[in-house]
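Written below as structure tokens is the structure these notes are about.
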4 protein chains.
Amino acid sequence: MIKVAIIGGSGLTGRELIKILSKHKEAKIRYVTSLEYPGVPVIQVFPGLKGMIDGNFLNAEDEKVYSGVDLAFICLPHGAAMTFVGRFAEKGVKVIDLSADFRIKDPGDYKKWYNKEHAHKELLDEAVYGLPELYRKEIKKARIIANPGCYPTSILLGVIPFIEKNEVESIIIDAKSGISGAGINPTPFNNYMNVSENVIPYNIGRKHRHLGEIEDVLKRAFKANPDIIFTPQITAMARGMLSVIYMKVKKWQDPADVKGMYAEFYKDEPFVRVVDKAGIHNVRNTNFCEICVDGVKESRTLIIISVIDNLVKGASGQAVQNMNIMFGFDEKEGLL
Amino acid sequence: MIKVAIIGGSGLTGRELIKILSKHKEAKIRYVTSLEYPGVPVIQVFPGLKGMIDGNFLNAEDEKVYSGVDLAFICLPHGAAMTFVGRFAEKGVKVIDLSADFRIKDPGDYKKWYNKEHAHKELLDEAVYGLPELYRKEIKKARIIANPGCYPTSILLGVIPFIEKNEVESIIIDAKSGISGAGINPTPFNNYMNVSENVIPYNIGRKHRHLGEIEDVLKRAFKANPDIIFTPQITAMARGMLSVIYMKVKKWQDPADVKGMYAEFYKDEPFVRVVDKAGIHNVRNTNFCEICVDGVKESRTLIIISVIDNLVKGASGQAVQNMNIMFGFDEKEGLL
Amino acid sequence: MIKVAIIGGSGLTGRELIKILSKHKEAKIRYVTSLEYPGVPVIQVFPGLKGMIDGNFLNAEDEKVYSGVDLAFICLPHGAAMTFVGRFAEKGVKVIDLSADFRIKDPGDYKKWYNKEHAHKELLDEAVYGLPELYRKEIKKARIIANPGCYPTSILLGVIPFIEKNEVESIIIDAKSGISGAGINPTPFNNYMNVSENVIPYNIGRKHRHLGEIEDVLKRAFKANPDIIFTPQITAMARGMLSVIYMKVKKWQDPADVKGMYAEFYKDEPFVRVVDKAGIHNVRNTNFCEICVDGVKESRTLIIISVIDNLVKGASGQAVQNMNIMFGFDEKEGLL
Amino acid sequence: MIKVAIIGGSGLTGRELIKILSKHKEAKIRYVTSLEYPGVPVIQVFPGLKGMIDGNFLNAEDEKVYSGVDLAFICLPHGAAMTFVGRFAEKGVKVIDLSADFRIKDPGDYKKWYNKEHAHKELLDEAVYGLPELYRKEIKKARIIANPGCYPTSILLGVIPFIEKNEVESIIIDAKSGISGAGINPTPFNNYMNVSENVIPYNIGRKHRHLGEIEDVLKRAFKANPDIIFTPQITAMARGMLSVIYMKVKKWQDPADVKGMYAEFYKDEPFVRVVDKAGIHNVRNTNFCEICVDGVKESRTLIIISVIDNLVKGASGQAVQNMNIMFGFDEKEGLL
């Protein structure tokens, strides 16, 4: 039984993490910190967690948080997370960072996308991008995990089986996310009156930071550098994510064959299902990703639809999957 | 053609008022002020009003706002509204106050419910409670209108035809409102993640301020003082309001007869419909109130269901109806 | 490890039951039947159950269904369920009937509410009303369980700690349910366009059949016979149920004391939480019931709010809880 | 004042048409027919239309429907509509057909997409495609109008200002519609439980019939024949439509310049707004289309977002706009 700390546990990924870990047989939450609610009982902030966790949020500056744990999950916003990753790493504690701080390997690219100098450039190379379907071997041995973003998870899982061995000219991604992707703090954006009965494109074209992450992985893992357009959109749902990926390929292959290729690629994966029809409701509150393959021959374009729950496979569930791999637990523990 | 000012026009009642007045044949908006957006084009804050209004929000301190208009609508929160009512009244401009500041006539009761000393006690008696179905004659001659709250509108319209001539022992009101009743500012309460797939009771029992308003009207208009319980609730909708009113009567009368009594009472009313089945969707975006009557003989209890659009008949539509009456326009102008 | 059959498994309670049982350590689903989809793979009808269940729906007329199982869950509509209860009982198989067929003990009352002669009157007395908080001892020894309805579950749990020892004059229940309570078949009622942004009262007053069940239990268990009014309502949510219970008592007691009484009553209950603020989101997808207590002294009326997930504690979760009790398993198995 | 008949008025486009025409100063509804509800009062089927229309639905076989009217709106499904278009045309009554039957000019293409022989091939050429922004001159003189589909309206308005004078290589359209696009009849698809918290792609790639209509117009009006991919999707909303159009162009032009081109193209259009940010809420319940222009230079791809209310500009509002043009009324009458 390992002991874990959750830093920044009063946000949505923190809440989801507590929920998952409360049923985990090999890990126990020892500390949960919160910038906004130090000293407040966790279940006062999250009444839905009653019976899953005792105790209060701590202050992340409390020294005890940094010892007596085997693993820390960092659930802070990018920019704030990196310092804590550094602190835990220094103490020899393994870290899974749910922020974007260690996902992009080139500090220049990091600065370009996040508009901030990276404070721990020396750890960037060591941090493993925590997409098990791509980097399971590296995750096993990692000390620091950069847990993938929600959009990149759904999108990369949708393209890598093809892109691994085939050339792609360009990719257009039209992705739809539940509003929980925008975080817990109330804004005019996540107000019910704005979200209900609406579809809201934002960061159209090449403006969303997750694009940097997607391109970084494609380049590093596959030396692939296709033109990418990415239009994220909020639709009227609390959680869930559906990416429609239009992939213009160099050499046409029948979607049925590509589907077979995907099924083969993922055949041993516990959390990816290649299906005829991918559905958000099928993966809600689960760590599964469902993928289906279609296409238009005349346009030499495959149409991949990939769905996940943005808070589970797109965040906290995948974090626990990474923990399971790092510590040699059953990869599915706590996630089925 | 009269000219009107809207004070505090960047909230939801202001937006709805602009929408309605933009089609009104006898009234023209001259000024709209906003505390938060002075100098900003109205349609930048409310893109949905494009084509309905030109110009920018003004500062309410701008002196010109107080002259050259025949009527001012005050769309400010209670507490803030009363000063502006006083200011316009002093200049001889008629006022329709959409806040709660002039609805309760006893300054002690006002203080009890709103926790604040009233700044214009001398105007309280003069201000007419703007429920046309009850006070049309007084509204015609009024200089100041206290426009009713949304819950009181739906509830009073549901009880006055009976209570006018019959004794009532007690009333239990279980009311459901769309989240727009909570205003435009983002809070954890109106966050999509909280409202969606939820029902949220609040101010249970006798805590909601609209109760003071309801009791004040029943007492003044009918010398009625029944025990009242009132449980407001937010359900997953942007706008709309449905009040279920359980009215325990002294002397049982058949619901069919009571329905007839209601139909008779409202027979000349342009905006009240006595129906077999009241539906929120039937009155959405309209100034109508739909009422149906049911009951349980064994419990000597009538069950009245009254529905309105909380932003129209429950706020800005009723304000325009009051304006129409005050200025001798067709009462339905702008509202059909 | 016991083996169970699910009769009528292609509805919402069947789907939920499969989901819960797929993780149960002591029970295994052997057969699932469906009138509409015999021969069709379960996961084709319910893609969200992928990985939880294999095999096809069977025809309920298939003889093998009636042997080789220790327990049958009947998930059919009332009227259709009773025959299958009889059939399994005859074969010596224990039965948990999720329909209303064995909840009301008096065949005359059954006929009054369900407009049908009961086909197995001889089993009515034997069938135990499966509300563990009230009848745990009897459930342990039962051969047939009448699993409670969703409204009755939320309402009875909200009133029995008080009604057990105190006199109640009358009860008004204003209950709100997610649309899943109306079943899986598409109708104008459960069309998205009808449910979204709406609140829909139905069976107002004393028309809903669940009232018969509530009154039957109160009479049998507590010799209590208060006047009851019950107004069910659909609000815009897929699942969840919130009952506001206005209970006029003979002798006033402070809500804080009543809360203490409730906490004491439920102190050993694994699935009831007495809280300060009951929330639908807190119990969604769980077998928990949350109850809070408020009241208005002047009206001698307690206001109890009771929330459940209508498909879990209000149906399939409670059915599994009953199974756990009947077979001596940990009562929480599969439900946490 | 012209007199109109509505054939098939008990569907969603019929309801919307009645709502709009009830306020129209130059047209009066004389007959409304319904296959399902002949003899039933219109407001019994649509309680929200109370006060807007009197009388009952008629049977479309009733001979009087075909005389004494100046114009007929056909609100029937494709396949059923064409016969009635023929019948009215024969009697010399002008017709606006809201179905797809006369949109595609080539009977072979019609058969390909709609799987049915066209029964009035002789009228196909005469019928004018009722997109006023493209065919206003022809509409003025037309006897038969083929009112455009909802997706084609939003998409064509989004591409024609560019495609008129520029070459386009390929177009990928990722469109999101409210569920009202699927009609009024209850199905598993439009069940609240399916639509809520979901995004549902359907007819992926080149399967949706509206594609035939879009390609037909582009070919006839502009001799343009770009490769098109079109993925329609249902999101959790009752009404509204947002199309994201990825248009790969031959020769790159800056989005700001393209925006200017669009603004110029639509400068006299009463119902198209070229904006910085197109929003579904801005056009809800209106006949407006809002369009914004973005793009990615590296991919030589313009990103056009076009929003409408699928039941207004996408159906009944546009039908009334066409009527206004045909009969020489103010084009905006009834629509502002």
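Chain labels run A, B, ... following the order of the structure tokens; each chain numbers its residues from 1, and ligands are numbered from 1 in the order shown.
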Per residue of chain D within 9 Å of chain B, which atom pair is closest and at what distance in Å (one decimal), using only C-alpha atoms, listed by chain and increasing number, as CSV?
residue,atom,partner,partner_atom,distance
D:Lys23,CA,B:Leu336,CA,8.4
D:Phe46,CA,B:Asn282,CA,8.4
D:Pro47,CA,B:Asn282,CA,6.0
D:Gly48,CA,B:Asn282,CA,3.9
D:Leu49,CA,B:Asn282,CA,7.4
D:Lys50,CA,B:Asn282,CA,8.1
D:Gly279,CA,B:Pro47,CA,8.2
D:His281,CA,B:Gly48,CA,6.7
D:Asn282,CA,B:Gly48,CA,3.9
D:Val283,CA,B:Gly48,CA,6.8
D:Arg284,CA,B:Gly48,CA,8.5
D:Leu336,CA,B:Lys23,CA,8.4
Could you take the residues named above and write them with N, CA, C and O atoms, as a PDB file, in the first residue's frame?
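Result file part.pdb:
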ATOM      1  N   LYS D  23     -48.205  37.008 -36.336  1.00  0.00           N
ATOM      2  CA  LYS D  23     -47.888  38.435 -36.145  1.00  0.00           C
ATOM      3  C   LYS D  23     -47.689  39.163 -37.466  1.00  0.00           C
ATOM      4  O   LYS D  23     -47.295  40.332 -37.487  1.00  0.00           O
ATOM      5  N   PHE D  46     -50.652  22.241 -29.820  1.00  0.00           N
ATOM      6  CA  PHE D  46     -49.580  23.193 -29.504  1.00  0.00           C
ATOM      7  C   PHE D  46     -50.092  24.245 -28.514  1.00  0.00           C
ATOM      8  O   PHE D  46     -50.435  25.371 -28.914  1.00  0.00           O
ATOM      9  N   PRO D  47     -50.110  23.932 -27.217  1.00  0.00           N
ATOM     10  CA  PRO D  47     -50.665  24.882 -26.244  1.00  0.00           C
ATOM     11  C   PRO D  47     -49.903  26.210 -26.238  1.00  0.00           C
ATOM     12  O   PRO D  47     -50.448  27.232 -25.838  1.00  0.00           O
ATOM     13  N   GLY D  48     -48.653  26.186 -26.686  1.00  0.00           N
ATOM     14  CA  GLY D  48     -47.872  27.419 -26.722  1.00  0.00           C
ATOM     15  C   GLY D  48     -48.384  28.403 -27.758  1.00  0.00           C
ATOM     16  O   GLY D  48     -47.970  29.560 -27.779  1.00  0.00           O
ATOM     17  N   LEU D  49     -49.280  27.980 -28.645  1.00  0.00           N
ATOM     18  CA  LEU D  49     -49.796  28.880 -29.686  1.00  0.00           C
ATOM     19  C   LEU D  49     -51.103  29.564 -29.268  1.00  0.00           C
ATOM     20  O   LEU D  49     -51.695  30.297 -30.064  1.00  0.00           O
ATOM     21  N   LYS D  50     -51.523  29.336 -28.024  1.00  0.00           N
ATOM     22  CA  LYS D  50     -52.760  29.974 -27.558  1.00  0.00           C
ATOM     23  C   LYS D  50     -52.743  31.476 -27.845  1.00  0.00           C
ATOM     24  O   LYS D  50     -51.755  32.152 -27.589  1.00  0.00           O
ATOM     25  N   GLY D 279     -22.538  33.634 -32.562  1.00  0.00           N
ATOM     26  CA  GLY D 279     -23.053  32.923 -31.393  1.00  0.00           C
ATOM     27  C   GLY D 279     -24.477  32.425 -31.594  1.00  0.00           C
ATOM     28  O   GLY D 279     -25.347  33.183 -32.026  1.00  0.00           O
ATOM     29  N   HIS D 281     -26.698  31.765 -29.395  1.00  0.00           N
ATOM     30  CA  HIS D 281     -27.660  32.504 -28.561  1.00  0.00           C
ATOM     31  C   HIS D 281     -28.048  33.844 -29.188  1.00  0.00           C
ATOM     32  O   HIS D 281     -29.125  34.357 -28.923  1.00  0.00           O
ATOM     33  N   ASN D 282     -27.163  34.414 -29.995  1.00  0.00           N
ATOM     34  CA  ASN D 282     -27.473  35.701 -30.634  1.00  0.00           C
ATOM     35  C   ASN D 282     -28.567  35.584 -31.692  1.00  0.00           C
ATOM     36  O   ASN D 282     -29.194  36.579 -32.041  1.00  0.00           O
ATOM     37  N   VAL D 283     -28.735  34.391 -32.235  1.00  0.00           N
ATOM     38  CA  VAL D 283     -29.691  34.243 -33.336  1.00  0.00           C
ATOM     39  C   VAL D 283     -30.887  33.374 -32.958  1.00  0.00           C
ATOM     40  O   VAL D 283     -31.795  33.162 -33.766  1.00  0.00           O
ATOM     41  N   ARG D 284     -30.913  32.901 -31.740  1.00  0.00           N
ATOM     42  CA  ARG D 284     -31.992  32.007 -31.310  1.00  0.00           C
ATOM     43  C   ARG D 284     -33.346  32.704 -31.434  1.00  0.00           C
ATOM     44  O   ARG D 284     -33.492  33.854 -31.043  1.00  0.00           O
ATOM     45  N   LEU D 336     -38.972  40.422 -37.472  1.00  0.00           N
ATOM     46  CA  LEU D 336     -38.129  41.193 -36.528  1.00  0.00           C
ATOM     47  C   LEU D 336     -38.856  41.394 -35.210  1.00  0.00           C
ATOM     48  O   LEU D 336     -40.077  41.375 -35.161  1.00  0.00           O
TER      49      LEU D 336
END
Strand (DSSP E or B) per DSSP on the backbone: members of range 42-224 of chain A, as a short mmCIF file (atom, residue, chain, number, x, y, z; two decimals) with N, CA and C atoms, in the first residue's frame:
data_model
loop_
_atom_site.label_atom_id
_atom_site.label_comp_id
_atom_site.auth_asym_id
_atom_site.auth_seq_id
_atom_site.Cartn_x
_atom_site.Cartn_y
_atom_site.Cartn_z
N ASN A 56 -8.98 17.18 6.53
CA ASN A 56 -9.06 18.54 5.99
C ASN A 56 -8.04 18.75 4.88
N LEU A 58 -4.90 20.54 3.53
CA LEU A 58 -3.73 21.14 4.17
C LEU A 58 -3.22 22.29 3.33
N LEU A 71 4.30 9.06 -3.54
CA LEU A 71 3.92 9.65 -4.83
C LEU A 71 3.10 10.91 -4.57
N ALA A 72 3.35 11.90 -5.41
CA ALA A 72 2.53 13.12 -5.34
C ALA A 72 1.84 13.35 -6.67
N PHE A 73 0.54 13.64 -6.60
CA PHE A 73 -0.18 14.11 -7.78
C PHE A 73 -0.26 15.63 -7.71
N ILE A 74 0.16 16.30 -8.77
CA ILE A 74 0.08 17.76 -8.78
C ILE A 74 -1.13 18.16 -9.62
N LYS A 94 8.21 10.33 -6.13
CA LYS A 94 7.74 10.28 -7.51
C LYS A 94 6.58 11.27 -7.70
N VAL A 95 6.44 11.76 -8.92
CA VAL A 95 5.44 12.80 -9.16
C VAL A 95 4.65 12.52 -10.45
N ILE A 96 3.36 12.69 -10.35
CA ILE A 96 2.53 12.72 -11.56
C ILE A 96 1.91 14.11 -11.63
N ASP A 97 2.30 14.84 -12.65
CA ASP A 97 1.88 16.24 -12.78
C ASP A 97 0.72 16.31 -13.77
N VAL A 128 8.31 11.87 -18.24
CA VAL A 128 7.75 11.02 -19.31
C VAL A 128 6.32 11.46 -19.60
N TYR A 129 5.99 11.58 -20.87
CA TYR A 129 4.64 11.92 -21.26
C TYR A 129 3.74 10.71 -20.99
N ILE A 144 9.13 11.12 -12.92
CA ILE A 144 8.19 12.23 -13.13
C ILE A 144 7.32 11.92 -14.35
N ILE A 145 6.02 12.05 -14.17
CA ILE A 145 5.10 11.85 -15.29
C ILE A 145 4.41 13.18 -15.63
N ALA A 146 4.46 13.53 -16.89
CA ALA A 146 3.66 14.66 -17.38
C ALA A 146 2.35 14.06 -17.90
N VAL A 168 0.83 11.25 -43.26
CA VAL A 168 -0.37 12.06 -43.17
C VAL A 168 -0.05 13.46 -43.66
N GLU A 169 -0.89 13.98 -44.55
CA GLU A 169 -0.63 15.33 -45.06
C GLU A 169 -1.07 16.41 -44.09
N SER A 170 -2.29 16.26 -43.62
CA SER A 170 -2.81 17.31 -42.75
C SER A 170 -3.93 16.75 -41.89
N ILE A 171 -4.15 17.42 -40.79
CA ILE A 171 -5.18 16.97 -39.86
C ILE A 171 -6.04 18.17 -39.45
N ILE A 172 -7.34 17.99 -39.56
CA ILE A 172 -8.26 18.99 -39.01
C ILE A 172 -9.03 18.32 -37.88
N ILE A 173 -8.95 18.95 -36.72
CA ILE A 173 -9.62 18.37 -35.54
C ILE A 173 -10.71 19.31 -35.08
N ASP A 174 -11.91 18.79 -35.06
CA ASP A 174 -13.04 19.56 -34.55
C ASP A 174 -13.51 18.85 -33.27
N ALA A 175 -13.12 19.42 -32.13
CA ALA A 175 -13.33 18.71 -30.85
C ALA A 175 -14.36 19.41 -30.00
N LYS A 176 -15.14 18.61 -29.27
CA LYS A 176 -16.20 19.13 -28.41
C LYS A 176 -15.96 18.64 -26.99
N SER A 177 -16.00 19.56 -26.06
CA SER A 177 -15.72 19.21 -24.67
C SER A 177 -16.84 19.66 -23.75
N ASN A 191 -21.03 29.83 -16.81
CA ASN A 191 -22.37 30.12 -16.31
C ASN A 191 -23.40 29.25 -17.06
N VAL A 199 -23.35 25.97 -28.39
CA VAL A 199 -22.09 25.37 -28.83
C VAL A 199 -21.13 26.54 -28.97
N ILE A 200 -19.97 26.47 -28.30
CA ILE A 200 -19.11 27.64 -28.23
C ILE A 200 -17.69 27.32 -28.70
N PRO A 201 -17.38 27.65 -29.95
CA PRO A 201 -16.00 27.47 -30.40
C PRO A 201 -15.10 28.50 -29.73
#
Note to self: DSSP on the backbone, alpha helix (DSSP H) only: what residues of range 7-205 of chain C does that give? Format it as a PyMOL selection string.
What the structure shows: chain C and resi 12-21+42-45+81-90+107-114+121-124+132-141+150-163+192-195
Next item on the list: Please identify all polymer residues within 10 Å of Thr33 in chain A, counting only C-alpha atoms, omitting same-chain residues fewer than 6 positions from it, and present them as a list in words.
Entry: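 After dropping sequence-adjacent residues, the list is Ala5, Ile6, Ile7, Gly8, Gly9, Ser10, Gly14, Gly39, Val42, Asn56, Phe57, Leu58, Asn59, Ala60, Glu61, Asp62, Val65, Ile74 and Cys75 of chain A.
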Margin query: I'd like the contact shell of range 217-227 of chain D - 12 Å cut-off, only C-alpha atoms, skipping same-chain residues fewer than 5 positions apart - returned as a PyMOL selection string.
Written below: (chain A and resi 296-301) or (chain D and resi 103-106+125+128-131+134-135+146+148-149+152-153+155-157+159-173+205-206+210-212+246-250)
Next item on the list: Show which residues sit within 12 Å of Phe271 in chain D, as an NGL selection string. Count only C-alpha atoms, and ignore same-chain residues fewer than 2 positions away.
Entry: (:B and (50-51)) or (:D and (131-133 or 157 or 266-269 or 273-274 or 283 or 286-291 or 307-309 or 312-314 or 317-318 or 321 or 331-333 or 335-336))
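Close contacts of range 257-260 of chain B, defined as residues with an atom at most 7 Å away when counting only C-alpha atoms, with chain neighbours fewer than 4 positions off set aside, comprise Gln253, Glu264 and Val293 of chain B.
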What does the file look like for those residues with N, CA and C atoms, as a short mmCIF file (atom, residue, chain, number, x, y, z; two decimals), in the first residue's frame?
data_model
loop_
_atom_site.label_atom_id
_atom_site.label_comp_id
_atom_site.auth_asym_id
_atom_site.auth_seq_id
_atom_site.Cartn_x
_atom_site.Cartn_y
_atom_site.Cartn_z
N GLN B 253 -64.28 23.90 -1.61
CA GLN B 253 -65.02 24.15 -2.83
C GLN B 253 -64.40 23.28 -3.93
N GLU B 264 -63.44 33.66 -14.29
CA GLU B 264 -64.24 34.87 -14.19
C GLU B 264 -63.37 36.06 -13.74
N VAL B 293 -56.00 24.71 -11.81
CA VAL B 293 -56.54 24.48 -10.47
C VAL B 293 -56.85 22.99 -10.29
#
Next item on the list: Calculate how many Å separate CA of Ala80 in chain C from CA of Lys121 in chain C, rounding to one decimal.
Entry: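 About the pair CA of Ala80 in chain C and CA of Lys121 in chain C: they are 14.5 Å apart.
Separating CA of Ala89 in chain B from CA of Ser316 in chain B is a distance of 20.2 Å.
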Note to self: Just to confirm, what's the straight-line distance from CA of Gly11 in chain D to CA of Pro77 in chain D in Å (one decimal)?
What the structure shows: 9.6 Å
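Across A:Pro38, A:Gly92, A:Gly183, A:Gly178, the tightest approach to Met241 in chain A is made by A:Gly178 when counting only C-alpha atoms.
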Notebook entry, point to check: Could you name the residues that touch Val195 in chain D at 8 Å or less, counting only C-alpha atoms, but leaving out those on the same chain fewer than 4 positions away, as number ranges by chain?
Noted result: C: 192; D: 179, 189-191, 199-200, 234-237
